[in-house]
Each structure stands twice: as structure tokens, then as C-alpha cells.
$ cat start_8.cif   # mmCIF, C-alpha atoms
data_input
#
loop_
_atom_site.group_PDB
_atom_site.id
_atom_site.type_symbol
_atom_site.label_atom_id
_atom_site.label_comp_id
_atom_site.auth_asym_id
_atom_site.auth_seq_id
_atom_site.Cartn_x
_atom_site.Cartn_y
_atom_site.Cartn_z
ATOM 1 C CA MET I 1 0.000 0.000 0.000
ATOM 2 C CA GLN I 2 1.270 3.456 -0.878
ATOM 3 C CA VAL I 3 0.996 5.913 2.032
ATOM 4 C CA THR I 4 0.300 9.226 0.321
ATOM 5 C CA ALA I 5 1.080 12.669 1.708
ATOM 6 C CA ASP I 6 -2.565 13.261 2.636
ATOM 7 C CA PHE I 7 -2.947 9.912 4.431
ATOM 8 C CA ASP I 8 -1.286 9.295 7.802
ATOM 9 C CA PRO I 9 -2.440 5.870 9.088
ATOM 10 C CA GLY I 10 -1.166 6.491 12.618
ATOM 11 C CA LYS I 11 -3.080 9.763 12.825
ATOM 12 C CA VAL I 12 -6.300 8.097 11.659
ATOM 13 C CA VAL I 13 -5.969 5.384 14.324
ATOM 14 C CA ARG I 14 -5.140 7.902 17.048
ATOM 15 C CA SER I 15 -8.171 9.988 16.107
ATOM 16 C CA LEU I 16 -10.511 6.989 16.313
ATOM 17 C CA LEU I 17 -9.078 5.956 19.683
ATOM 18 C CA ARG I 18 -9.531 9.463 21.109
ATOM 19 C CA ARG I 19 -12.995 10.136 19.660
ATOM 20 C CA SER I 20 -14.682 6.766 20.125
ATOM 21 C CA ARG I 21 -17.071 6.359 23.051
ATOM 22 C CA GLN I 22 -18.438 2.915 22.128
ATOM 23 C CA GLY I 23 -16.996 -0.128 20.449
ATOM 24 C CA ALA I 24 -17.525 -3.838 19.775
ATOM 25 C CA LEU I 25 -15.411 -5.898 22.167
ATOM 26 C CA ALA I 26 -14.499 -9.447 21.147
ATOM 27 C CA THR I 27 -13.411 -11.929 23.812
ATOM 28 C CA LEU I 28 -12.951 -15.700 24.023
ATOM 29 C CA MET I 29 -15.568 -17.696 25.907
ATOM 30 C CA ALA I 30 -14.141 -19.168 29.099
ATOM 31 C CA GLY I 31 -13.861 -22.936 28.731
ATOM 32 C CA SER I 32 -14.756 -23.350 25.065
ATOM 33 C CA GLY I 33 -12.698 -20.541 23.510
ATOM 34 C CA ASP I 34 -15.592 -19.667 21.205
ATOM 35 C CA PRO I 35 -15.701 -16.039 20.007
ATOM 36 C CA TYR I 36 -17.999 -13.664 21.884
ATOM 37 C CA CYS I 37 -18.761 -10.055 20.947
ATOM 38 C CA SER I 38 -20.392 -7.325 23.042
ATOM 39 C CA LEU I 39 -20.995 -3.580 22.931
ATOM 40 C CA VAL I 40 -18.997 -1.547 25.471
ATOM 41 C CA ASN I 41 -18.512 2.085 26.395
ATOM 42 C CA LEU I 42 -14.927 3.286 26.423
ATOM 43 C CA ALA I 43 -12.575 6.189 26.957
ATOM 44 C CA SER I 44 -8.885 6.659 26.235
ATOM 45 C CA HIS I 45 -5.798 6.560 28.448
ATOM 46 C CA PRO I 46 -3.348 9.477 28.085
ATOM 47 C CA ASP I 47 -1.348 7.240 25.733
ATOM 48 C CA GLY I 48 -4.468 6.498 23.652
ATOM 49 C CA SER I 49 -5.102 2.908 24.751
ATOM 50 C CA PRO I 50 -8.777 2.071 25.446
ATOM 51 C CA ILE I 51 -10.254 2.159 28.960
ATOM 52 C CA LEU I 52 -13.242 0.023 29.951
ATOM 53 C CA LEU I 53 -15.473 0.027 33.027
ATOM 54 C CA ILE I 54 -17.016 -3.453 33.163
ATOM 55 C CA SER I 55 -18.833 -5.667 35.632
ATOM 56 C CA ARG I 56 -17.557 -9.048 36.790
ATOM 57 C CA LEU I 57 -21.109 -10.281 36.284
ATOM 58 C CA ALA I 58 -20.824 -9.671 32.529
ATOM 59 C CA VAL I 59 -19.834 -12.509 30.218
ATOM 60 C CA HIS I 60 -17.092 -10.457 28.557
ATOM 61 C CA THR I 61 -15.436 -9.773 31.936
ATOM 62 C CA LYS I 62 -15.516 -13.444 32.899
ATOM 63 C CA ASN I 63 -13.931 -14.203 29.544
ATOM 64 C CA ILE I 64 -11.194 -11.616 30.063
ATOM 65 C CA LEU I 65 -10.354 -12.941 33.513
ATOM 66 C CA ALA I 66 -9.886 -16.397 31.982
ATOM 67 C CA ASP I 67 -8.038 -15.220 28.853
ATOM 68 C CA ALA I 68 -6.951 -11.585 28.532
ATOM 69 C CA ARG I 69 -6.712 -11.623 24.738
ATOM 70 C CA VAL I 70 -9.261 -9.273 23.144
ATOM 71 C CA SER I 71 -9.985 -7.294 20.020
ATOM 72 C CA LEU I 72 -11.898 -4.044 19.753
ATOM 73 C CA MET I 73 -13.706 -2.739 16.680
ATOM 74 C CA LEU I 74 -14.057 1.043 16.340
ATOM 75 C CA ASP I 75 -15.485 3.029 13.437
ATOM 76 C CA GLU I 76 -16.221 6.633 12.507
ATOM 77 C CA ARG I 77 -20.006 6.260 12.741
ATOM 78 C CA ALA I 78 -20.177 8.379 9.591
ATOM 79 C CA ALA I 79 -23.460 9.125 7.838
ATOM 80 C CA GLY I 80 -24.330 7.018 4.818
ATOM 81 C CA ASP I 81 -22.642 3.695 4.110
ATOM 82 C CA PRO I 82 -20.640 2.805 7.260
ATOM 83 C CA LEU I 83 -18.257 0.738 5.162
ATOM 84 C CA GLU I 84 -17.035 3.942 3.512
ATOM 85 C CA GLY I 85 -15.739 5.335 6.818
ATOM 86 C CA ALA I 86 -12.472 4.527 8.584
ATOM 87 C CA ARG I 87 -12.454 1.655 11.048
ATOM 88 C CA ILE I 88 -9.959 -0.305 13.078
ATOM 89 C CA MET I 89 -9.678 -3.713 14.664
ATOM 90 C CA LEU I 90 -7.414 -3.280 17.684
ATOM 91 C CA ALA I 91 -5.788 -6.413 19.114
ATOM 92 C CA GLY I 92 -4.298 -6.651 22.583
ATOM 93 C CA ARG I 93 -4.737 -7.792 26.167
ATOM 94 C CA ALA I 94 -7.153 -6.376 28.722
ATOM 95 C CA ALA I 95 -5.553 -5.701 32.113
ATOM 96 C CA GLU I 96 -7.411 -4.755 35.278
ATOM 97 C CA ALA I 97 -6.179 -1.455 36.719
ATOM 98 C CA ASP I 98 -3.900 -1.704 39.726
ATOM 99 C CA ASN I 99 -3.868 0.800 42.580
ATOM 100 C CA ASP I 100 -1.295 3.006 40.834
ATOM 101 C CA ASP I 101 -3.201 3.245 37.548
ATOM 102 C CA VAL I 102 -6.842 3.201 38.647
ATOM 103 C CA ARG I 103 -6.876 6.913 39.525
ATOM 104 C CA ILE I 104 -5.968 7.918 35.964
ATOM 105 C CA LEU I 105 -8.317 5.391 34.369
ATOM 106 C CA ARG I 106 -11.184 6.440 36.623
ATOM 107 C CA ARG I 107 -10.910 10.153 35.921
ATOM 108 C CA ARG I 108 -10.426 9.701 32.178
ATOM 109 C CA TYR I 109 -13.403 7.385 31.908
ATOM 110 C CA LEU I 110 -15.753 9.468 34.050
ATOM 111 C CA ASN I 111 -14.824 12.655 32.190
ATOM 112 C CA ALA I 112 -15.957 10.939 28.998
ATOM 113 C CA HIS I 113 -18.966 9.211 30.610
ATOM 114 C CA PRO I 114 -20.130 11.328 33.589
ATOM 115 C CA SER I 115 -23.257 9.214 34.094
ATOM 116 C CA ALA I 116 -21.067 6.199 34.932
ATOM 117 C CA GLU I 117 -20.225 7.791 38.276
ATOM 118 C CA ALA I 118 -23.524 6.385 39.541
ATOM 119 C CA PHE I 119 -22.185 2.812 39.401
ATOM 120 C CA ALA I 120 -18.381 3.147 39.083
ATOM 121 C CA ASP I 121 -17.902 2.268 42.762
ATOM 122 C CA PHE I 122 -20.120 -0.817 42.746
ATOM 123 C CA LYS I 123 -18.104 -3.788 44.029
ATOM 124 C CA ASP I 124 -18.564 -5.816 40.861
ATOM 125 C CA PHE I 125 -17.295 -3.048 38.534
ATOM 126 C CA SER I 126 -13.621 -2.532 37.706
ATOM 127 C CA PHE I 127 -11.581 -0.424 35.324
ATOM 128 C CA PHE I 128 -9.624 -2.275 32.658
ATOM 129 C CA ARG I 129 -7.166 -0.995 30.066
ATOM 130 C CA ILE I 130 -6.576 -2.699 26.736
ATOM 131 C CA VAL I 131 -2.828 -2.815 26.104
ATOM 132 C CA PRO I 132 -2.623 -2.952 22.290
ATOM 133 C CA SER I 133 -0.303 -5.222 20.353
ATOM 134 C CA GLY I 134 -1.345 -3.753 17.012
ATOM 135 C CA THR I 135 -4.253 -2.737 14.827
ATOM 136 C CA HIS I 136 -5.712 -3.360 11.387
ATOM 137 C CA LEU I 137 -6.906 -0.129 9.760
ATOM 138 C CA VAL I 138 -9.375 0.073 6.877
ATOM 139 C CA ALA I 139 -9.715 3.686 5.731
ATOM 140 C CA GLY I 140 -11.037 3.313 2.202
ATOM 141 C CA PHE I 141 -9.944 1.815 -1.110
ATOM 142 C CA GLY I 142 -6.186 1.274 -1.135
ATOM 143 C CA ARG I 143 -5.911 2.462 2.457
ATOM 144 C CA ILE I 144 -5.665 -0.783 4.394
ATOM 145 C CA VAL I 145 -2.695 -1.224 6.664
ATOM 146 C CA ASP I 146 -1.519 -3.041 9.797
ATOM 147 C CA LEU I 147 0.199 -0.936 12.442
ATOM 148 C CA LYS I 148 2.258 -1.797 15.502
ATOM 149 C CA ALA I 149 1.289 -0.217 18.817
ATOM 150 C CA SER I 150 4.358 2.039 18.690
ATOM 151 C CA GLN I 151 3.025 3.564 15.459
ATOM 152 C CA PHE I 152 -0.202 4.919 16.981
ATOM 153 C CA LEU I 153 0.100 5.164 20.778
ATOM 154 C CA THR I 154 1.143 8.510 22.307
ATOM 155 C CA PRO I 155 4.437 8.451 24.256
ATOM 156 C CA ILE I 156 3.893 9.841 27.761
ATOM 157 C CA ASP I 157 7.130 8.921 29.566
ATOM 158 C CA ASP I 158 8.314 12.534 29.328
ATOM 159 C CA ALA I 159 4.901 14.056 30.127
ATOM 160 C CA ALA I 160 4.339 13.124 33.781
ATOM 161 C CA GLU I 161 3.756 16.780 34.744
ATOM 162 C CA LEU I 162 1.073 17.182 32.103
ATOM 163 C CA VAL I 163 -0.689 13.924 33.030
ATOM 164 C CA GLU I 164 -0.723 14.949 36.698
ATOM 165 C CA ALA I 165 -2.088 18.421 35.892
ATOM 166 C CA GLU I 166 -4.635 17.251 33.313
ATOM 167 C CA GLN I 167 -7.698 17.299 35.575
ATOM 168 C CA ARG I 168 -6.964 20.786 36.896
ATOM 169 C CA ALA I 169 -6.360 22.092 33.370
ATOM 170 C CA MET I 170 -9.565 20.521 32.113
ATOM 171 C CA GLU I 171 -11.651 21.924 34.966
ATOM 172 C CA HIS I 172 -10.111 25.364 34.406
ATOM 173 C CA MET I 173 -10.975 25.283 30.706
ATOM 174 C CA ASN I 174 -14.550 24.209 31.420
ATOM 175 C CA ALA I 175 -15.075 26.776 34.182
ATOM 176 C CA ASP I 176 -13.408 29.840 32.649
ATOM 177 C CA HIS I 177 -12.853 29.317 28.922
ATOM 178 C CA ARG I 178 -15.976 27.836 27.376
ATOM 179 C CA ASP I 179 -15.886 30.624 24.786
ATOM 180 C CA ALA I 180 -12.473 29.422 23.654
ATOM 181 C CA MET I 181 -13.732 25.839 23.536
ATOM 182 C CA ASN I 182 -16.564 26.911 21.241
ATOM 183 C CA LEU I 183 -14.131 28.782 19.006
ATOM 184 C CA TYR I 184 -11.835 25.742 18.797
ATOM 185 C CA ALA I 185 -14.808 23.616 17.745
ATOM 186 C CA THR I 186 -16.398 26.018 15.272
ATOM 187 C CA ARG I 187 -13.431 27.892 13.784
ATOM 188 C CA LEU I 188 -10.640 25.333 13.909
ATOM 189 C CA LEU I 189 -12.601 22.103 13.466
ATOM 190 C CA GLY I 190 -15.632 23.270 11.480
ATOM 191 C CA ALA I 191 -18.212 21.978 13.962
ATOM 192 C CA GLU I 192 -21.535 23.495 14.891
ATOM 193 C CA ALA I 193 -21.741 25.802 17.904
ATOM 194 C CA GLY I 194 -22.697 23.929 21.053
ATOM 195 C CA ASP I 195 -22.056 23.382 24.741
ATOM 196 C CA TRP I 196 -18.505 22.226 24.153
ATOM 197 C CA ARG I 197 -16.514 21.021 27.138
ATOM 198 C CA CYS I 198 -13.041 19.608 27.539
ATOM 199 C CA THR I 199 -12.920 15.917 28.472
ATOM 200 C CA GLY I 200 -9.140 15.439 28.446
ATOM 201 C CA CYS I 201 -5.764 16.441 27.109
ATOM 202 C CA ASP I 202 -2.501 14.682 26.359
ATOM 203 C CA PRO I 203 0.809 15.608 24.713
ATOM 204 C CA GLU I 204 -0.712 15.548 21.228
ATOM 205 C CA GLY I 205 -4.118 17.166 21.585
ATOM 206 C CA LEU I 206 -7.318 18.177 23.347
ATOM 207 C CA ASP I 207 -10.534 16.138 23.504
ATOM 208 C CA MET I 208 -13.880 17.979 23.418
ATOM 209 C CA GLN I 209 -17.468 16.849 23.653
ATOM 210 C CA ALA I 210 -20.931 18.366 23.181
ATOM 211 C CA GLY I 211 -23.779 15.945 23.711
ATOM 212 C CA GLY I 212 -22.974 12.833 21.705
ATOM 213 C CA THR I 213 -20.431 14.541 19.429
ATOM 214 C CA VAL I 214 -16.731 14.167 20.222
ATOM 215 C CA LEU I 215 -13.961 16.205 18.605
ATOM 216 C CA ARG I 216 -10.199 15.977 18.660
ATOM 217 C CA LEU I 217 -8.079 19.137 18.433
ATOM 218 C CA ASP I 218 -4.527 18.181 17.485
ATOM 219 C CA PHE I 219 -1.754 20.414 18.782
ATOM 220 C CA PRO I 220 0.682 21.890 16.229
ATOM 221 C CA GLU I 221 3.547 20.697 18.434
ATOM 222 C CA ARG I 222 3.878 18.147 21.208
ATOM 223 C CA VAL I 223 3.396 19.467 24.771
ATOM 224 C CA THR I 224 4.727 17.829 27.941
ATOM 225 C CA THR I 225 4.193 20.373 30.744
ATOM 226 C CA PRO I 226 1.283 22.495 32.018
ATOM 227 C CA ASP I 227 3.087 25.621 30.842
ATOM 228 C CA ASP I 228 3.462 24.159 27.341
ATOM 229 C CA LEU I 229 -0.244 23.374 27.388
ATOM 230 C CA ARG I 230 -1.238 26.879 28.470
ATOM 231 C CA LYS I 231 0.884 28.521 25.769
ATOM 232 C CA THR I 232 -0.474 26.191 23.091
ATOM 233 C CA LEU I 233 -4.108 26.760 24.073
ATOM 234 C CA VAL I 234 -3.614 30.537 24.143
ATOM 235 C CA SER I 235 -2.033 30.398 20.684
ATOM 236 C CA LEU I 236 -4.863 28.243 19.302
ATOM 237 C CA ALA I 237 -7.456 30.581 20.824
ATOM 238 C CA GLY I 238 -5.755 33.499 19.076
ATOM 239 C CA GLU I 239 -5.798 31.615 15.791
ATOM 240 C CA ALA I 240 -9.489 30.784 16.241
ATOM 241 C CA ARG I 241 -10.403 34.383 17.086
ATOM 242 C CA ALA I 242 -8.491 35.622 14.027
ATOM 243 C CA LYS I 243 -10.529 33.288 11.828
ATOM 244 C CA HIS I 244 -13.704 34.426 13.562
ATOM 245 C CA SER I 245 -12.974 38.092 12.883
ATOM 246 C CA THR I 246 -12.353 37.497 9.173
ATOM 247 C CA ASP I 247 -15.556 35.495 8.582
#
$ encode --input "start_8.cif" --output "C-alpha cells"
Amino acid sequence: MQVTADFDPGKVVRSLLRRSRQGALATLMAGSGDPYCSLVNLASHPDGSPILLISRLAVHTKNILADARVSLMLDERAAGDPLEGARIMLAGRAAEADNDDVRILRRRYLNAHPSAEAFADFKDFSFFRIVPSGTHLVAGFGRIVDLKASQFLTPIDDAAELVEAEQRAMEHMNADHRDAMNLYATRLLGAEAGDWRCTGCDPEGLDMQAGGTVLRLDFPERVTTPDDLRKTLVSLAGEARAKHSTD
């Protein structure tokens, strides 16, 4: 497959991982090994890997606890023929969050799915993260490619300060800068005006949501500290306002 200048497979996969809120999870039936598929809600880890909040009473969780191998199907949910939109089949292993990781998984998931707070602390529910081994991307005719995890996950080893400050930055944006969020959505991403709120940030971009619509604002350069983030968001707000004034 020829990767053309206007087609970046890693970027397409990263976008789907950041924007997807539901997906089809495939597991192996405990005992028989037969395939089993279920619909799950999901969010993304700072590195882009999928986060699940699932009950031990569910068949898919019992399957995972017996055999951690899974695959996850995500698609663009585009209007018209769904087969014309980009989609991925992510392969990997589902790992239950340990005490060190559960705080990050919890906040990322609940920011994307606030209603889940009502049952997130039930004893039978746990946070899991799918650690990808690779993905198969179908993005249209002649745009089918297999990628290794290193080709689409976001490195975060050098961004500990940003990951730690993410919640505070997000709450600040939602409390004091909703006008900027709306400008990002409408002027930089071409979306309709709405009640846009920030649901997360990472070294490569900002995640925004209004109702059931999720957007991804990619940063022009990688950021690893809260100060980098602030400067980048101020610059993007200036760019958005400049476009607003010329329209």
C-alpha cells in the first residue's frame, strides 16, 4: 500500500481511539474458547489505549479474567454507508487497573462518561485498560494497513507533569474558557456551535465533547508540561479568534 502525503495511518488510528465512546469488544468464551462479541462504552488513556469500566457479572469480563486476549472494533459512525468510513480492529490484552493506575483510568473514563459515576464504585465493577499489540486499519480503497502499537500510541514517559495536571487544566478550561472551547470547535474544526466542554488532554491534543459529538483538536507541536499546554491553548485561541474576525 502506498501511504500518500494526505494519508497518515497512525493519525487516523489515534483519532478513532480518542474520539470513540463505544466499540464492539471481542473476547474468548471461558472454557470453550468460542468467540464472543459485546458492545462496550470506552474512553482513552493518556497514551491512547482504550479504557473500559465493566462488571464481573458480565460474560465479557468473565472471559477476560480467563483469557486476557481481546480485540476491539471502532469506526467513525459516519453518515451514509458505514463501510465507507475509517475503522480499526485493535488487538491486545485487557488488564485490570492496579492501585497506581486506577486513579488515571477512573478520571479519564468518568470525564468521557459522567453518568457512569452512579455505578463506578459498585463492588462488581472494575476499570480495565486494553494494552494494544497492534491494529488493522481500513480507511477506504487502497488504504488498508496493519500498524504496531508504537506507530499509533502517544508516548507519555516525558509528560508526567502534564498527566498529573490534566484534571486541573480541564476543569479550568470548562469553568473559565468555554468561549475558547466553542471557538476551537467552530473555527478550527468546522463543527456546529454547542455546549462544548473539555474531556481530556494529552501531549498531542485536546478532547472535546458536546452531547454525543466528540472532537479531537490536534496540537501543532507536542506538549509535555502544564506551561506548554497553556501557551499552546492561548495560541490556538488566538488563531481561532483571528478566523472568527475574518468570517
$ resolve_selection --input "start_8.cif" --expression "the PyMOL selection byres ((chain I and resi 138) around 6)" --output "NGL selection string"
:I and (86-87 or 137 or 139-140 or 144)
$ write_last_selection --input "start_8.cif" --atoms "C-alpha atoms" --output "compact mmCIF listing (two decimals), in the coordinates of the input"
# COMPACT_ATOMS: atom_id res chain seq x y z
CA ALA I 86 -12.47 4.53 8.58
CA ARG I 87 -12.45 1.66 11.05
CA LEU I 137 -6.91 -0.13 9.76
CA ALA I 139 -9.72 3.69 5.73
CA GLY I 140 -11.04 3.31 2.20
CA ILE I 144 -5.66 -0.78 4.39
$ closest_residue --input "start_8.cif" --among "I:Leu28, I:Asn182, I:Asp47, I:Lys62" --to "I:Gln151" --atoms "all atoms listed in the file"
I:Asp47
$ residues_around --input "start_8.cif" --residues "stretch 197-203 of chain I" --least-positions-apart "4" --cutoff "6 Å" --atoms "all atoms listed in the file" --output "PyMOL selection string"
chain I and resi 46+111-112+170+174+207-209+222-224
$ atom_distance --input "start_8.cif" --atom1 "atom CA of I:Pro226" --atom2 "atom CA of I:Tyr109"
21.1 Å
$ resolve_selection --input "start_8.cif" --expression "the PyMOL selection byres ((chain I and resi 204) around 12)" --output "ChimeraX atom specification"
/I:11,14-15,18,46-48,152-156,159,162-163,200-203,205-207,216-225,228-229,232
$ atom_distance --input "start_8.cif" --atom1 "atom CA of I:Asn99" --atom2 "atom CA of I:Ser38"
26.8 Å
$ residues_around --input "start_8.cif" --residues "I:Glu76" --least-positions-apart "5" --cutoff "9 Å" --atoms "all atoms listed in the file" --output "ChimeraX atom specification"
/I:16,19-20,82,85-87
$ resolve_selection --input "start_8.cif" --expression "the PyMOL selection byres ((chain I and resi 193) around 12)" --output "PDB file with C-alpha atoms, keeping the file's coordinate frame"
ATOM      1  CA  ARG I 178     -15.976  27.836  27.376  1.00  0.00           C
ATOM      2  CA  ASP I 179     -15.886  30.624  24.786  1.00  0.00           C
ATOM      3  CA  ALA I 180     -12.473  29.422  23.654  1.00  0.00           C
ATOM      4  CA  MET I 181     -13.732  25.839  23.536  1.00  0.00           C
ATOM      5  CA  ASN I 182     -16.564  26.911  21.241  1.00  0.00           C
ATOM      6  CA  LEU I 183     -14.131  28.782  19.006  1.00  0.00           C
ATOM      7  CA  TYR I 184     -11.835  25.742  18.797  1.00  0.00           C
ATOM      8  CA  ALA I 185     -14.808  23.616  17.745  1.00  0.00           C
ATOM      9  CA  THR I 186     -16.398  26.018  15.272  1.00  0.00           C
ATOM     10  CA  ARG I 187     -13.431  27.892  13.784  1.00  0.00           C
ATOM     11  CA  LEU I 188     -10.640  25.333  13.909  1.00  0.00           C
ATOM     12  CA  LEU I 189     -12.601  22.103  13.466  1.00  0.00           C
ATOM     13  CA  GLY I 190     -15.632  23.270  11.480  1.00  0.00           C
ATOM     14  CA  ALA I 191     -18.212  21.978  13.962  1.00  0.00           C
ATOM     15  CA  GLU I 192     -21.535  23.495  14.891  1.00  0.00           C
ATOM     16  CA  GLY I 194     -22.697  23.929  21.053  1.00  0.00           C
ATOM     17  CA  ASP I 195     -22.056  23.382  24.741  1.00  0.00           C
ATOM     18  CA  TRP I 196     -18.505  22.226  24.153  1.00  0.00           C
ATOM     19  CA  ARG I 197     -16.514  21.021  27.138  1.00  0.00           C
ATOM     20  CA  GLN I 209     -17.468  16.849  23.653  1.00  0.00           C
ATOM     21  CA  ALA I 210     -20.931  18.366  23.181  1.00  0.00           C
ATOM     22  CA  GLY I 211     -23.779  15.945  23.711  1.00  0.00           C
ATOM     23  CA  THR I 213     -20.431  14.541  19.429  1.00  0.00           C
TER      24      THR I 213
END
$ decode --input "start_8.cif" --residues "stretch 56-66 of chain I" --atoms "all heavy atoms" --output "PDB file, in the first residue's frame"
ATOM      1  N   ARG I  56     -17.970  -7.644  36.718  1.00  0.00           N
ATOM      2  CA  ARG I  56     -17.557  -9.048  36.790  1.00  0.00           C
ATOM      3  C   ARG I  56     -18.723  -9.995  36.543  1.00  0.00           C
ATOM      4  O   ARG I  56     -18.532 -11.199  36.341  1.00  0.00           O
ATOM      5  CB  ARG I  56     -16.927  -9.338  38.153  1.00  0.00           C
ATOM      6  CG  ARG I  56     -15.600  -8.647  38.359  1.00  0.00           C
ATOM      7  CD  ARG I  56     -15.021  -8.874  39.744  1.00  0.00           C
ATOM      8  NE  ARG I  56     -13.794  -8.116  39.910  1.00  0.00           N
ATOM      9  CZ  ARG I  56     -12.589  -8.549  39.547  1.00  0.00           C
ATOM     10  NH1 ARG I  56     -12.457  -9.753  39.019  1.00  0.00           N
ATOM     11  NH2 ARG I  56     -11.531  -7.792  39.722  1.00  0.00           N
ATOM     12  N   LEU I  57     -19.946  -9.460  36.580  1.00  0.00           N
ATOM     13  CA  LEU I  57     -21.109 -10.281  36.284  1.00  0.00           C
ATOM     14  C   LEU I  57     -21.308 -10.455  34.787  1.00  0.00           C
ATOM     15  O   LEU I  57     -22.055 -11.343  34.363  1.00  0.00           O
ATOM     16  CB  LEU I  57     -22.365  -9.643  36.893  1.00  0.00           C
ATOM     17  CG  LEU I  57     -22.342  -9.420  38.412  1.00  0.00           C
ATOM     18  CD1 LEU I  57     -23.616  -8.727  38.855  1.00  0.00           C
ATOM     19  CD2 LEU I  57     -22.146 -10.734  39.150  1.00  0.00           C
ATOM     20  N   ALA I  58     -20.661  -9.618  33.982  1.00  0.00           N
ATOM     21  CA  ALA I  58     -20.824  -9.671  32.529  1.00  0.00           C
ATOM     22  C   ALA I  58     -20.005 -10.817  31.937  1.00  0.00           C
ATOM     23  O   ALA I  58     -18.909 -11.135  32.410  1.00  0.00           O
ATOM     24  CB  ALA I  58     -20.390  -8.349  31.902  1.00  0.00           C
ATOM     25  N   VAL I  59     -20.532 -11.402  30.869  1.00  0.00           N
ATOM     26  CA  VAL I  59     -19.834 -12.509  30.218  1.00  0.00           C
ATOM     27  C   VAL I  59     -18.467 -12.080  29.719  1.00  0.00           C
ATOM     28  O   VAL I  59     -17.470 -12.804  29.863  1.00  0.00           O
ATOM     29  CB  VAL I  59     -20.696 -13.070  29.055  1.00  0.00           C
ATOM     30  CG1 VAL I  59     -19.900 -14.101  28.246  1.00  0.00           C
ATOM     31  CG2 VAL I  59     -21.973 -13.683  29.588  1.00  0.00           C
ATOM     32  N   HIS I  60     -18.387 -10.870  29.117  1.00  0.00           N
ATOM     33  CA  HIS I  60     -17.092 -10.457  28.557  1.00  0.00           C
ATOM     34  C   HIS I  60     -16.020 -10.313  29.649  1.00  0.00           C
ATOM     35  O   HIS I  60     -14.850 -10.580  29.406  1.00  0.00           O
ATOM     36  CB  HIS I  60     -17.201  -9.184  27.717  1.00  0.00           C
ATOM     37  CG  HIS I  60     -17.883  -8.042  28.362  1.00  0.00           C
ATOM     38  ND1 HIS I  60     -18.864  -7.314  27.730  1.00  0.00           N
ATOM     39  CD2 HIS I  60     -17.732  -7.463  29.576  1.00  0.00           C
ATOM     40  CE1 HIS I  60     -19.280  -6.344  28.513  1.00  0.00           C
ATOM     41  NE2 HIS I  60     -18.613  -6.421  29.647  1.00  0.00           N
ATOM     42  N   THR I  61     -16.417  -9.896  30.854  1.00  0.00           N
ATOM     43  CA  THR I  61     -15.436  -9.773  31.936  1.00  0.00           C
ATOM     44  C   THR I  61     -14.972 -11.145  32.400  1.00  0.00           C
ATOM     45  O   THR I  61     -13.767 -11.360  32.649  1.00  0.00           O
ATOM     46  CB  THR I  61     -16.033  -8.990  33.115  1.00  0.00           C
ATOM     47  OG1 THR I  61     -16.605  -7.774  32.627  1.00  0.00           O
ATOM     48  CG2 THR I  61     -14.956  -8.647  34.131  1.00  0.00           C
ATOM     49  N   LYS I  62     -15.896 -12.078  32.529  1.00  0.00           N
ATOM     50  CA  LYS I  62     -15.516 -13.444  32.899  1.00  0.00           C
ATOM     51  C   LYS I  62     -14.561 -14.026  31.867  1.00  0.00           C
ATOM     52  O   LYS I  62     -13.598 -14.725  32.218  1.00  0.00           O
ATOM     53  CB  LYS I  62     -16.768 -14.310  33.029  1.00  0.00           C
ATOM     54  CG  LYS I  62     -17.683 -13.896  34.180  1.00  0.00           C
ATOM     55  CD  LYS I  62     -18.969 -14.729  34.203  1.00  0.00           C
ATOM     56  CE  LYS I  62     -19.875 -14.286  35.340  1.00  0.00           C
ATOM     57  NZ  LYS I  62     -21.161 -15.043  35.359  1.00  0.00           N
ATOM     58  N   ASN I  63     -14.822 -13.718  30.604  1.00  0.00           N
ATOM     59  CA  ASN I  63     -13.931 -14.203  29.544  1.00  0.00           C
ATOM     60  C   ASN I  63     -12.537 -13.605  29.682  1.00  0.00           C
ATOM     61  O   ASN I  63     -11.523 -14.306  29.551  1.00  0.00           O
ATOM     62  CB  ASN I  63     -14.501 -13.844  28.175  1.00  0.00           C
ATOM     63  CG  ASN I  63     -15.783 -14.592  27.852  1.00  0.00           C
ATOM     64  OD1 ASN I  63     -16.112 -15.583  28.495  1.00  0.00           O
ATOM     65  ND2 ASN I  63     -16.515 -14.112  26.862  1.00  0.00           N
ATOM     66  N   ILE I  64     -12.475 -12.302  29.934  1.00  0.00           N
ATOM     67  CA  ILE I  64     -11.194 -11.616  30.063  1.00  0.00           C
ATOM     68  C   ILE I  64     -10.388 -12.153  31.233  1.00  0.00           C
ATOM     69  O   ILE I  64      -9.159 -12.331  31.147  1.00  0.00           O
ATOM     70  CB  ILE I  64     -11.423 -10.092  30.210  1.00  0.00           C
ATOM     71  CG1 ILE I  64     -11.847  -9.489  28.874  1.00  0.00           C
ATOM     72  CG2 ILE I  64     -10.160  -9.394  30.729  1.00  0.00           C
ATOM     73  CD1 ILE I  64     -12.333  -8.058  28.975  1.00  0.00           C
ATOM     74  N   LEU I  65     -11.059 -12.432  32.339  1.00  0.00           N
ATOM     75  CA  LEU I  65     -10.354 -12.941  33.513  1.00  0.00           C
ATOM     76  C   LEU I  65      -9.799 -14.344  33.288  1.00  0.00           C
ATOM     77  O   LEU I  65      -8.833 -14.752  33.930  1.00  0.00           O
ATOM     78  CB  LEU I  65     -11.289 -12.927  34.724  1.00  0.00           C
ATOM     79  CG  LEU I  65     -11.713 -11.523  35.196  1.00  0.00           C
ATOM     80  CD1 LEU I  65     -12.735 -11.615  36.306  1.00  0.00           C
ATOM     81  CD2 LEU I  65     -10.500 -10.714  35.649  1.00  0.00           C
ATOM     82  N   ALA I  66     -10.394 -15.067  32.330  1.00  0.00           N
ATOM     83  CA  ALA I  66      -9.886 -16.397  31.982  1.00  0.00           C
ATOM     84  C   ALA I  66      -8.829 -16.337  30.886  1.00  0.00           C
ATOM     85  O   ALA I  66      -7.897 -17.149  30.863  1.00  0.00           O
ATOM     86  CB  ALA I  66     -11.046 -17.294  31.535  1.00  0.00           C
TER      87      ALA I  66
END
